[in-house]
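Below is one structure, written out as structure tokens; the observations come after it.
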2 protein chains.
Amino acid sequence: MTKSPTIRDVAMLANTSVSVVSRVLNDGSGPVAPDTRAKVLEAIDQLAYRPRAAARSLSSGQTTTIGLLLADLTNPFFARLADRIVGEARSRDIQVVLMTTGEDANLEADSLKALLDRSVGGVIATPTGANVEQWEKLQKIGVDLVFVDRSVDTLENADVVSIENARSAGDATEYLIGLGHKRIALLTGPLSTSTGRSRLKGYEQALVAAGITPDPTLVRNVPFRGEGGGDSIASLLAMADKPTAAIIANTAQVANVSRRLSQMGVPIPDELSLIVFDDNPWVQLVTPPLSSIRQPIDMLAFHSVDLLLNRMQGKLPSGRRYIEVQAEFIARNSCAAPPNYLITR
Amino acid sequence: MTKSPTIRDVAMLANTSVSVVSRVLNDGSGPVAPDTRAKVLEAIDQLAYRPRAAARSLSSGQTTTIGLLLADLTNPFFARLADRIVGEARSRDIQVVLMTTGEDANLEADSLKALLDRSVGGVIATPTGANVEQWEKLQKIGVDLVFVDRSVDTLENADVVSIENARSAGDATEYLIGLGHKRIALLTGPLSTSTGRSRLKGYEQALVAAGITPDPTLVRNVPFRGEGGGDSIASLLAMADKPTAAIIANTAQVANVSRRLSQMGVPIPDELSLIVFDDNPWVQLVTPPLSSIRQPIDMLAFHSVDLLLNRMQGKLPSGRRYIEVQAEFIARNSCAAPPNYLITR
DNA sequence: TTGTAAGCGTTATCAT
DNA sequence: ATGATAACGCTTACAA
């Protein structure tokens with residue numbers, strides 16, 4: 001545990017002043033003679049000097065750190081998102097402090113409080129929908145905000161990056177309708193989330209467009225966390241006029257639903273056609289492989305950090321930026337015509 | 001974007017000095033009269049004051065931030081580990097900066113370099129095995145180290161938290177032997193990792209104990225990343241004297257192996273019995289559900305942050321701490337007696 | 001018990 | 001092109 005060299009040590013060794021060293025450190029912040037620069041660089045190298053982040057940010061008021069507040073790393077979608085965001089951040093030499101909400105407003109509030117210490121210049125988050133005031137307070141102290149995957153409508157100064165939820169849900173619905181399905185169930189997230197609402201809208205629009213009246217009893221809102229998905233699908237299948245197909249638009253619940261269906265021994269796609277949001281690696285491992293909607297995680301990651309960094313550097317005009325990227329429907333073997341469906345024509 | 005209040009503002013409002021405010025901030029760092037404290041607390045509350053992390057750490061030389069350097073969040077094992085570690089950290093009010101190596105020594109080196117800015121007081125990592133010098137340099141500037149899941153033997157001052165790898169592999173091997181298997185394949189990680197070596201050792205010991213001579217051609221070392229697992233299992237099954245069972249002891253490759261096996265249409269367990277390290281949620285979703293070794297991720301997380309924090313607070317005597325936790329073998333339906341196996345007795 | 005003042009390691013302003 | 005020097009916001013002796 002040696003005491004680390006400071007900028008002064010470097011200046012001394014290079015026979016110059018701290019200001020000069022600082023200038024070569026922050027390239028372009030002032031004039032430096034070529035050979036002076038060389039000497040400084042050598043001194044830095046020789047001492048293995050590294051500027052201390054805390055001092056830097058205290059003095060400059062800036063940080064090269066962003067916060068990443070995700071729902072839950074246990075969910076493969078968020079895990080992969082985190083992976084890509086961290087990668088994207090590294091390539092730009094910025095660090096990421098990671099926090100999770102567990103979809104719990106209180107935990108989210110805790111995280112927001114922690115973020116108030118100005119250790120980050122901006123944050124990328126999947127908000128729970130609550131804590132609007134704390135989010136605003138965070139913005140007020142100068143922290144830029146980018147919401148990814150979902151948004152909070154009342155927070156108008158936060159940028160948003162997400163997939164085209166309505167359209168994706170619509171695509172899936174159309175596909176099922178095309179196979180002959182009339183009674184299509186939808187498991188979606190809480191309607192308090194933008195994601196849930198959009199997916200529902202896309203689903204209903206597709207139905208209406210095909211001349212089918214949406215049946216509200218076929219729509220279930222399931223919390224992101226917990227076992228809700230399993231129960232919902234079970235109750236759906238217990239209905240008298242039960243659905244012949246289901247779209248699981250709640251990314252967090254697809255594993256639960258799959259497990260329950262497999263436990264119940266419901267033959268897929270014979271008795272029930274299935275489409276899941278989020279193309280996890282394992283959806284093609286199960287029997288049958290599941291048709292799914294692949295969210296372009298790379299794009300979500302790229303745009304969220306790109307947007308945030310541009311904001312932090314003041315490169316963007318004020319006003320919310322809303323970026324939507326396309327998701328891709330992938331047909332596998334979990335969909336077929338409904339039972340007893342006769343091809344007439 | 002208001003300018004935030006400083007400790008001086010608080011002192012002023014509370015009609016006292018900054019040192020007093022500082023003392024109530026860091027409870028116990030000095031005497032404060034009860035009613036003075038009350039006034040300070042009120043001022044803090046009223047101004048919504050939050051101490052700035054950078055100033056604090058610059059002045060005190062300490063940080064409430066740790067680094068978490070993991071291989072790859074794409075792997076469910078690491079993702080869940082990250083989730084638990086972040087949770088454990090939050091409950092102690094410490095922040096986590098996340099980085100990934102992608103099992104790449106160069107990326108690891110980059111991260112290590114970034115860590116040199118003393119923004120963290122310690123790091124929890126799954127090392128690649130390389131960059132020994134940089135790890136040492138990190139320790140030299142006072143950053144404590146805890147390796148989790150694997151270790152680097154030459155780094156004797158880093159604590160280690162992992163599962164009992166040898167024993168777990170041994171258990172799985174014994175189980176298969178008990179079913180009548182003689183030719184048991186092992187897919188394991190690179191032998192440059194402690195994990196790979198330990199699992200191999202446990203496997204061999206179990207074999208020898210049962211009077212079976214280990215056959216090196218049945219052991220495959222597969223890199224953590226990439227598609228190696230699939231090819232390995234395929235080549236194993238192409239052998240003349242092919243194995244009747246396989247243990248996939250490379251956590252990162254279980255999905256690849258499963259996919260390949262399913263593509264090849266190898267009947268499990270009829271033609272091949274299978275045991276996988278790491279009990280992902282989806283291993284019970286596939287057909288048949290896979291027998292697996294469940295790693296106690298909560299324990300790994302708890303001990304690694306506990307250990308690290310104690311180190312950082314100097315509460316631990318010097319000398320490496322090596323904590324091993326038990327993993328649990330879970331029998332499902334992917335194992336059976338080998339083909340053509342006659343029960344004689 | 002309280003307050004003053006000297007750092008902590010940078011950046012940035014302003015002379016030189 | 002270079003170099004003093006004053007912040008930045010906090011902790012911590014050391015006085016009072």
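Order determines the names: the first chain of the structure tokens is A, the second B, and so forth; residues in each chain are numbered 1 upward, and ligands are numbered 1 upward as they are shown.
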Set the distance at 12 Å and use only C-alpha atoms (C1' of nucleotides): which residues neighbour Met12 in chain B once local chain neighbours fewer than 4 positions away are removed? I'd like the list as a PyMOL selection string. chain B and resi 5-8+16-21+39-40+43-44+47
What are the closest atom pairs, with distances in Å to one decimal, for each residue of chain A lying within 12 Å of chain C, using only C-alpha atoms (C1' of nucleotides), rows by chain and rising residue number, as CSV?
```
residue,atom,partner,partner_atom,distance
A:Ser4,CA,C:DG9,C1',10.8
A:Pro5,CA,C:DG9,C1',9.9
A:Thr6,CA,C:DG9,C1',6.6
A:Ile7,CA,C:DG9,C1',7.2
A:Arg8,CA,C:DG9,C1',8.7
A:Asp9,CA,C:DG9,C1',11.1
A:Val18,CA,C:DT10,C1',9.5
A:Ser19,CA,C:DT11,C1',8.5
A:Val20,CA,C:DT11,C1',11.3
A:Val21,CA,C:DT10,C1',10.7
A:Ser22,CA,C:DT11,C1',7.5
A:Arg23,CA,C:DT11,C1',9.2
A:Leu25,CA,C:DT11,C1',10.7
A:Asn26,CA,C:DT11,C1',9.6
A:Ser29,CA,C:DA12,C1',9.5
A:Gly30,CA,C:DA12,C1',10.3
A:Arg50,CA,C:DG9,C1',11.0
A:Pro51,CA,C:DT10,C1',8.0
A:Arg52,CA,C:DG9,C1',6.8
A:Ala53,CA,C:DT10,C1',8.7
A:Ala54,CA,C:DG9,C1',8.1
A:Ala55,CA,C:DT10,C1',4.8
A:Arg56,CA,C:DT10,C1',4.7
A:Ser57,CA,C:DT10,C1',7.8
A:Leu58,CA,C:DT10,C1',7.5
A:Ser59,CA,C:DT11,C1',5.4
A:Ser60,CA,C:DT11,C1',5.7
A:Gly61,CA,C:DT11,C1',9.3
A:Gln62,CA,C:DT11,C1',10.6
```
If you run DSSP over the backbone, which residues in range 1-30 of chain B end up alpha helix (DSSP H)? Put them as JSON, numbers by chain. {"B": [7, 8, 9, 10, 11, 12, 13, 18, 19, 20, 21, 22, 23, 24, 25]}
Return as number ranges by chain the residues belonging to chain A that are within 8 Å of chain B, counting only C-alpha atoms. A: 1-4, 50-55, 57-58, 72-74, 76, 79-80, 82-83, 86-87, 90, 95-100, 116-119, 139-142, 255, 258-259, 262, 281-282, 284-287
Residues of range 197-323 of chain B in strand (DSSP E), written as number ranges by chain: B: 219-221, 245-248, 273-277, 291-294, 322-323
Chain D residues near chain B within 10 Å, closest pair each, using only C-alpha atoms (C1' of nucleotides), as JSON lines:
```
{"residue": "D:DC8", "atom": "C1'", "partner": "B:Ala55", "partner_atom": "CA", "distance": 7.8}
{"residue": "D:DG9", "atom": "C1'", "partner": "B:Ala55", "partner_atom": "CA", "distance": 5.0}
{"residue": "D:DC10", "atom": "C1'", "partner": "B:Arg56", "partner_atom": "CA", "distance": 5.0}
{"residue": "D:DT11", "atom": "C1'", "partner": "B:Ser59", "partner_atom": "CA", "distance": 5.6}
{"residue": "D:DT12", "atom": "C1'", "partner": "B:Ser19", "partner_atom": "CA", "distance": 8.5}
```
Could those residues be written to a file, using N, CA and C atoms (P, O5', C5', C4', C3', O3' and C1' of nucleotides), as an mmCIF file, in the first residue's frame?
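This went into part_15.cif:
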```
data_model
loop_
_atom_site.group_PDB
_atom_site.id
_atom_site.type_symbol
_atom_site.label_atom_id
_atom_site.label_comp_id
_atom_site.auth_asym_id
_atom_site.auth_seq_id
_atom_site.Cartn_x
_atom_site.Cartn_y
_atom_site.Cartn_z
ATOM 1 P P DC D 8 -15.693 27.809 -5.016
ATOM 2 O "O5'" DC D 8 -15.704 26.228 -5.193
ATOM 3 C "C5'" DC D 8 -15.689 25.625 -6.466
ATOM 4 C "C4'" DC D 8 -15.551 24.135 -6.284
ATOM 5 C "C3'" DC D 8 -16.145 23.637 -4.978
ATOM 6 O "O3'" DC D 8 -17.444 23.115 -5.230
ATOM 7 C "C1'" DC D 8 -14.004 22.626 -5.460
ATOM 8 P P DG D 9 -18.639 23.517 -4.257
ATOM 9 O "O5'" DG D 9 -18.542 22.412 -3.116
ATOM 10 C "C5'" DG D 9 -18.689 21.054 -3.474
ATOM 11 C "C4'" DG D 9 -18.277 20.185 -2.320
ATOM 12 C "C3'" DG D 9 -18.966 20.524 -1.000
ATOM 13 O "O3'" DG D 9 -19.354 19.304 -0.411
ATOM 14 C "C1'" DG D 9 -16.636 20.503 -0.710
ATOM 15 P P DC D 10 -20.113 19.245 0.940
ATOM 16 O "O5'" DC D 10 -19.011 18.531 1.845
ATOM 17 C "C5'" DC D 10 -18.692 17.187 1.547
ATOM 18 C "C4'" DC D 10 -17.322 16.846 2.083
ATOM 19 C "C3'" DC D 10 -17.239 16.673 3.593
ATOM 20 O "O3'" DC D 10 -17.245 15.272 3.892
ATOM 21 C "C1'" DC D 10 -15.352 17.851 2.684
ATOM 22 P P DT D 11 -17.331 14.823 5.429
ATOM 23 O "O5'" DT D 11 -15.791 14.809 5.823
ATOM 24 C "C5'" DT D 11 -14.954 13.824 5.241
ATOM 25 C "C4'" DT D 11 -13.574 13.907 5.852
ATOM 26 C "C3'" DT D 11 -13.495 13.598 7.340
ATOM 27 O "O3'" DT D 11 -12.294 12.876 7.547
ATOM 28 C "C1'" DT D 11 -12.615 15.738 6.947
ATOM 29 P P DT D 12 -12.037 12.057 8.872
ATOM 30 O "O5'" DT D 12 -10.780 12.796 9.494
ATOM 31 C "C5'" DT D 12 -10.002 13.649 8.679
ATOM 32 C "C4'" DT D 12 -9.066 14.459 9.557
ATOM 33 C "C3'" DT D 12 -9.091 14.137 11.043
ATOM 34 O "O3'" DT D 12 -7.807 14.421 11.563
ATOM 35 C "C1'" DT D 12 -9.727 16.353 10.743
#
```
For CA of Leu13 in chain A and CA of Glu133 in chain B, the interatomic separation in Å (one decimal): 24.4 Å
Who sits within 10 Å of Ala33 in chain A, only C-alpha atoms (C1' of nucleotides), same chain under 5 positions skipped, as a VMD selection string: (chain A and resid 20 24 38) or (chain D and resid 1 to 2)
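The coordinates place CA of Asp270 in chain B at 6.3 Å from CA of Pro339 in chain B.
For the atom pair formed by CA of Arg320 in chain A and CA of Pro223 in chain A, the distance is 27.8 Å, given to one decimal.
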Near Glu164 in chain A, within 9 Å and counting only C-alpha atoms (C1' of nucleotides), which residues show up once chain neighbours fewer than 6 positions away are dropped, as a list of chain:residue names? A:Ser198, A:Arg199, A:Glu324, A:Val325, A:Gln326, A:Ala327
Quick one: residues within 8 Å of Asn165 in chain B, only C-alpha atoms (C1' of nucleotides), excluding same-chain residues fewer than 3 positions away - as JSON, numbers by chain? {"B": [162, 168, 169, 195, 198, 199, 202]}
List the neighbours of Leu316 in chain A out to 9 Å using only C-alpha atoms (C1' of nucleotides); skip same-chain residues closer than 5 positions along the sequence, and give me the result as a PyMOL selection string. chain A and resi 307+310-311
